[in-house]
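Have a look at model_5.cif; it's mmCIF, C-alpha atoms:
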data_structure
#
loop_
_atom_site.label_atom_id
_atom_site.label_comp_id
_atom_site.auth_asym_id
_atom_site.auth_seq_id
_atom_site.Cartn_x
_atom_site.Cartn_y
_atom_site.Cartn_z
CA MET A 1 -10.01 -14.84 -15.55
CA ASN A 2 -7.97 -11.90 -14.28
CA GLY A 3 -9.72 -9.64 -11.84
CA ILE A 4 -9.45 -7.76 -8.57
CA THR A 5 -9.77 -9.04 -5.01
CA PHE A 6 -11.55 -6.61 -2.70
CA GLY A 7 -11.05 -7.80 0.85
CA ASP A 8 -12.08 -11.47 0.67
CA LEU A 9 -14.14 -11.20 -2.54
CA HIS A 10 -12.78 -11.78 -6.02
CA SER A 11 -14.47 -9.76 -8.76
CA TYR A 12 -14.95 -12.75 -11.10
CA ARG A 13 -15.27 -15.78 -8.84
CA ASP A 14 -17.42 -14.16 -6.13
CA LEU A 15 -19.10 -11.14 -7.73
CA ASN A 16 -19.62 -12.42 -11.32
CA LEU A 17 -17.81 -9.46 -12.87
CA ILE A 18 -15.41 -9.37 -15.82
CA LEU A 19 -12.67 -6.75 -15.55
CA SER A 20 -12.74 -4.71 -18.77
CA GLU A 21 -10.61 -1.68 -17.84
CA LYS A 22 -8.38 -0.53 -15.02
CA GLU A 23 -6.74 2.82 -14.33
CA ILE A 24 -3.95 2.82 -11.75
CA GLY A 25 -3.36 6.38 -10.66
CA ALA A 26 -0.26 8.13 -9.34
CA PRO A 27 -0.47 10.06 -6.05
CA HIS A 28 -0.03 13.81 -6.29
CA VAL A 29 3.09 15.30 -4.75
CA LYS A 30 2.44 17.61 -1.81
CA THR A 31 4.45 20.55 -3.05
CA LYS A 32 5.19 23.57 -0.86
CA LEU A 33 6.22 26.75 -2.66
CA ILE A 34 6.78 30.13 -1.04
CA GLU A 35 6.56 33.12 -3.33
CA ILE A 36 9.11 35.87 -2.65
CA GLU A 37 7.91 39.41 -3.36
CA GLY A 38 10.27 41.35 -5.59
CA ALA A 39 12.24 38.27 -6.63
CA ASP A 40 12.07 35.77 -9.44
CA GLY A 41 10.73 32.29 -8.84
CA SER A 42 9.89 30.80 -5.45
CA ILE A 43 11.40 28.81 -2.60
CA ASP A 44 10.60 25.11 -2.91
CA LEU A 45 10.17 23.47 0.51
CA THR A 46 8.76 20.22 -0.86
CA ASP A 47 11.82 18.28 0.35
CA PHE A 48 11.95 20.07 3.73
CA PHE A 49 11.42 16.77 5.61
CA GLY A 50 13.99 14.91 3.51
CA GLU A 51 11.78 13.65 0.68
CA PRO A 52 8.49 14.48 -1.06
CA LYS A 53 5.22 13.57 0.65
CA TYR A 54 2.23 12.26 -1.28
CA GLY A 55 -1.52 12.54 -1.16
CA ASP A 56 -4.02 9.74 -1.62
CA VAL A 57 -4.57 8.23 -5.06
CA THR A 58 -7.66 6.99 -6.92
CA HIS A 59 -7.64 3.68 -8.81
CA ARG A 60 -10.60 3.00 -11.12
CA PHE A 61 -11.87 -0.40 -12.27
CA THR A 62 -14.61 -0.99 -14.84
CA PHE A 63 -16.46 -4.31 -15.02
CA SER A 64 -19.04 -6.07 -17.17
CA THR A 65 -21.61 -8.39 -15.64
CA ILE A 66 -21.96 -12.07 -16.50
CA VAL A 67 -25.45 -12.66 -15.12
CA PRO A 68 -28.80 -12.69 -16.97
CA ARG A 69 -30.44 -9.32 -17.52
CA SER A 70 -33.19 -10.21 -15.02
CA ASP A 71 -30.51 -10.46 -12.29
CA PHE A 72 -28.73 -7.15 -13.02
CA LEU A 73 -30.24 -5.13 -10.19
CA THR A 74 -29.93 -7.96 -7.70
CA GLN A 75 -26.25 -8.28 -8.55
CA TYR A 76 -25.78 -4.52 -8.37
CA SER A 77 -27.31 -4.43 -4.88
CA ARG A 78 -25.10 -7.29 -3.76
CA ILE A 79 -21.95 -5.52 -4.98
CA LYS A 80 -22.94 -2.28 -3.22
CA ASN A 81 -23.63 -4.13 0.02
CA ALA A 82 -20.26 -5.88 -0.19
CA LEU A 83 -18.02 -2.99 -1.26
CA HIS A 84 -19.58 0.47 -1.23
CA GLY A 85 -18.00 2.70 1.43
CA ARG A 86 -15.80 -0.03 2.84
CA LYS A 87 -12.06 0.35 3.41
CA LEU A 88 -10.45 -2.83 2.08
CA ARG A 89 -7.24 -4.49 0.99
CA ILE A 90 -7.20 -4.51 -2.82
CA VAL A 91 -5.12 -7.00 -4.82
CA LEU A 92 -4.73 -7.08 -8.61
CA ASP A 93 -4.41 -10.56 -10.13
CA ASP A 94 -1.63 -9.33 -12.42
CA ASP A 95 0.33 -7.82 -9.48
CA PRO A 96 -0.24 -10.40 -6.72
CA GLY A 97 2.89 -9.55 -4.75
CA TYR A 98 1.41 -6.21 -3.65
CA TYR A 99 -1.79 -4.81 -2.22
CA TYR A 100 -3.42 -1.40 -1.93
CA VAL A 101 -5.46 -0.12 1.00
CA GLY A 102 -8.42 2.09 0.14
CA ARG A 103 -12.10 2.94 0.43
CA CYS A 104 -14.31 1.61 -2.35
CA HIS A 105 -17.07 3.55 -4.10
CA VAL A 106 -19.41 1.68 -6.46
CA SER A 107 -20.60 3.80 -9.38
CA SER A 108 -24.05 3.93 -10.89
CA PHE A 109 -25.13 0.91 -12.91
CA THR A 110 -25.54 1.15 -16.71
CA ASN A 111 -27.01 -1.29 -19.20
CA GLU A 112 -25.68 -1.38 -22.77
CA LYS A 113 -26.89 -4.02 -25.23
CA ASN A 114 -27.96 -6.30 -22.37
CA ILE A 115 -24.52 -6.07 -20.76
CA GLY A 116 -24.39 -4.46 -17.34
CA LYS A 117 -21.52 -2.04 -16.63
CA ILE A 118 -20.25 -1.17 -13.15
CA SER A 119 -17.26 0.97 -12.15
CA ILE A 120 -15.56 0.84 -8.76
CA ASP A 121 -13.36 3.75 -7.66
CA CYS A 122 -10.93 3.13 -4.81
CA GLU A 123 -9.47 6.07 -2.89
CA CYS A 124 -6.22 4.54 -1.69
CA GLU A 125 -3.17 5.33 0.36
CA PRO A 126 -0.34 6.57 -1.88
CA TYR A 127 1.77 3.42 -1.62
CA LYS A 128 1.22 -0.18 -2.62
CA TYR A 129 2.50 -2.62 -0.01
CA LYS A 130 4.35 -5.90 -0.40
CA ALA A 131 2.09 -8.82 0.42
CA GLN A 132 4.86 -10.54 2.38
CA GLN A 133 6.75 -8.80 5.15
CA THR A 134 10.49 -8.41 4.69
CA VAL A 135 12.36 -10.24 7.45
CA VAL A 136 16.10 -10.12 8.11
CA SER A 137 17.35 -12.55 10.78
CA VAL A 138 20.89 -12.82 12.14
CA THR A 139 22.60 -14.95 14.79
CA LEU A 140 25.10 -12.85 16.74
CA ASN A 141 28.14 -13.55 18.87
CA GLY A 142 29.67 -10.11 19.29
CA THR A 143 29.20 -7.03 17.13
CA GLN A 144 27.87 -7.08 13.58
CA ALA A 145 26.66 -4.54 11.02
CA ILE A 146 23.35 -5.66 9.51
CA SER A 147 22.10 -4.36 6.16
CA LEU A 148 18.36 -3.66 5.88
CA THR A 149 17.31 -2.83 2.32
CA ASN A 150 14.04 -0.92 2.05
CA SER A 151 11.76 0.28 -0.75
CA ARG A 152 10.38 3.79 -1.30
CA LYS A 153 8.18 4.17 1.81
CA ARG A 154 9.91 4.79 5.11
CA ALA A 155 9.32 2.05 7.67
CA VAL A 156 10.02 1.31 11.32
CA PRO A 157 10.79 -2.42 11.69
CA THR A 158 9.56 -4.66 14.47
CA ILE A 159 12.59 -6.14 16.24
CA THR A 160 12.65 -9.50 17.99
CA ALA A 161 15.70 -10.41 20.12
CA SER A 162 16.35 -13.66 21.97
CA ALA A 163 18.72 -11.98 24.44
CA PRO A 164 19.75 -8.47 25.55
CA MET A 165 21.20 -6.48 22.64
CA THR A 166 22.67 -3.03 22.01
CA ILE A 167 21.48 -1.47 18.76
CA VAL A 168 23.21 1.47 17.08
CA PHE A 169 21.64 3.37 14.18
CA GLY A 170 21.96 6.89 12.81
CA GLY A 171 23.96 8.22 15.75
CA GLY A 172 21.63 6.73 18.37
CA SER A 173 22.24 3.78 20.68
CA TRP A 174 19.66 1.64 22.54
CA ALA A 175 20.22 -1.17 25.06
CA LYS A 176 17.29 -3.57 24.81
CA GLY A 177 16.37 -6.75 26.61
CA SER A 178 14.98 -9.87 24.99
CA GLY A 179 11.53 -9.67 23.45
CA THR A 180 9.71 -7.91 20.60
CA PHE A 181 9.80 -4.12 20.31
CA THR A 182 10.17 -1.14 18.00
CA ILE A 183 12.52 1.84 18.13
CA PRO A 184 10.73 4.86 16.58
CA GLU A 185 14.05 6.52 15.76
CA LEU A 186 15.12 3.47 13.77
CA GLU A 187 13.32 4.47 10.59
CA LEU A 188 14.42 2.83 7.36
CA VAL A 189 14.73 5.01 4.26
CA GLU A 190 14.91 3.91 0.64
CA GLY A 191 17.97 1.78 -0.13
CA GLU A 192 20.45 0.16 2.24
CA ASN A 193 20.28 0.96 5.95
CA TYR A 194 23.02 -0.31 8.26
CA VAL A 195 22.26 -1.23 11.87
CA THR A 196 25.07 -2.25 14.22
CA VAL A 197 24.06 -4.78 16.87
CA THR A 198 26.09 -6.11 19.80
CA GLY A 199 25.05 -9.20 21.72
CA THR A 200 24.87 -12.97 21.76
CA GLY A 201 21.76 -14.60 20.36
CA ASP A 202 19.25 -14.23 17.54
CA ILE A 203 17.77 -10.96 16.30
CA SER A 204 15.31 -10.29 13.49
CA PHE A 205 13.91 -7.18 11.83
CA ALA A 206 10.49 -7.34 10.13
CA TRP A 207 8.66 -4.61 8.20
CA THR A 208 6.27 -4.06 5.30
CA GLU A 209 7.83 -2.41 2.26
CA GLY A 210 5.89 0.10 0.19
CA ASP A 211 6.37 1.25 -3.42
CA LEU A 212 4.64 3.93 -5.48
#
Could I get this structure in the form of structure tokens?
Amino acid sequence: MNGITFGDLHSYRDLNLILSEKEIGAPHVKTKLIEIEGADGSIDLTDFFGEPKYGDVTHRFTFSTIVPRSDFLTQYSRIKNALHGRKLRIVLDDDPGYYYVGRCHVSSFTNEKNIGKISIDCECEPYKYKAQQTVVSVTLNGTQAISLTNSRKRAVPTITASAPMTIVFGGGSWAKGSGTFTIPELELVEGENYVTVTGTGDISFAWTEGDL
């Protein structure tokens, strides 16, 4: 039975709910328009920082109960205790490769023809995240250009090097020793990103990709 996993609880297996309807929203674009007096139109600064920015998004899920009528209110209380007001990782059974992060709000309980109805609204971050981190690992003996392909959300990868390395990206250069570290200026944008690394040893880049 398809459902939703909220944190560690599955809607059907753990909460005795049948998913009857879901509404996956789209985050609103944070537009910035400046009106110019005495001129037509406006100046659009939405892309001032290189790309649009997005607000939070609400996803709505409606469920039917599968417990006897005498247990409706007990089940409702249990669901509120487990989910209401909590910020959780949310995974859809029909999109298991991704997860959302959001705060859950359990709606009021209704009873129609001896079937309980409960809706859960989740105020989520604008992106859905890949369940598995993307990892690119390379063994170096000299200088090599490494391609890091990223999804829509910008990301700063965690870098692990087995030996001292020099990393060049976007006009910047950093000499790093062995270990695990991040370089805030090494921010991956959507598409292919090329990083040039010089050294001898193993290096890996790991990050979580995000899509709308």
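Within the file as shown, the PyMOL selection byres ((chain A and resi 110-123) around 6) identifies Val57, Thr58, His59, Arg60, Phe61, Thr62, Phe63, Ser64, Thr65, Gly102, Arg103, Cys104, His105, Val106, Ser107, Phe109 and Cys124 of chain A.
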So, counting only C-alpha atoms, which residue among A:Ser108, A:Asn2, A:Ser70, A:Ser20 is closest to Asp93 of chain A? A:Asn2
Could you expand the PyMOL selection byres ((chain A and resi 161) around 7) into the explicit residues it covers here, written as a PyMOL selection string? chain A and resi 159-160+162-163+178-180+202-204
Kindly provide, as a PyMOL selection string, the polymer residues lying within 7 Å of (25.9, -11.9, 16.0), counting only C-alpha atoms and using the coordinates exactly as they appear in the file. chain A and resi 138-144+198-201
Evaluate the PyMOL selection byres ((chain A and resi 195) around 12) against this structure - the residues, as a PyMOL selection string, please. chain A and resi 136+138+143-149+157+159+166-174+183+185-188+192-194+196-198+203-205
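Each of A:Leu33, A:Ala39, A:Ala131, A:Leu212 was compared to Leu92 of chain A using only C-alpha atoms, and A:Ala131 turns out to be the nearest.
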Pick from A:Ala82, A:Ser11, A:Ile34, A:Lys128 nearest to Gly97 of chain A, counting all atoms listed in the file: A:Lys128
Would you compute the distance between atom CA of Glu125 of chain A and atom CA of Leu17 of chain A? Give it in Å to one decimal. 24.7 Å
Would you work out the distance separating atom CA of Arg89 of chain A from atom CA of Ile18 of chain A, expressed in Å to one decimal? 19.3 Å
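Note that atom CA of Leu83 of chain A and atom CA of Leu9 of chain A are 9.2 Å apart.
Using only C-alpha atoms, the shortest contact distance between Pro184 of chain A and any of A:Arg154, A:Lys130, A:Lys87, A:Lys32 is found at A:Arg154.
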Counting only C-alpha atoms, I want the residues whose atoms come within 7 Å of (2.1, -2.6, -2.4) in the file frame, returned as a VMD selection string. chain A and resid 98 to 100 127 to 131 210 to 211
For Thr5 of chain A, find every residue with an atom within 6 Å (counting all atoms listed in the file), except residues of its own chain fewer than 2 positions away, and show them as an MDAnalysis selection string. chainID A and resid 9:10 90:91
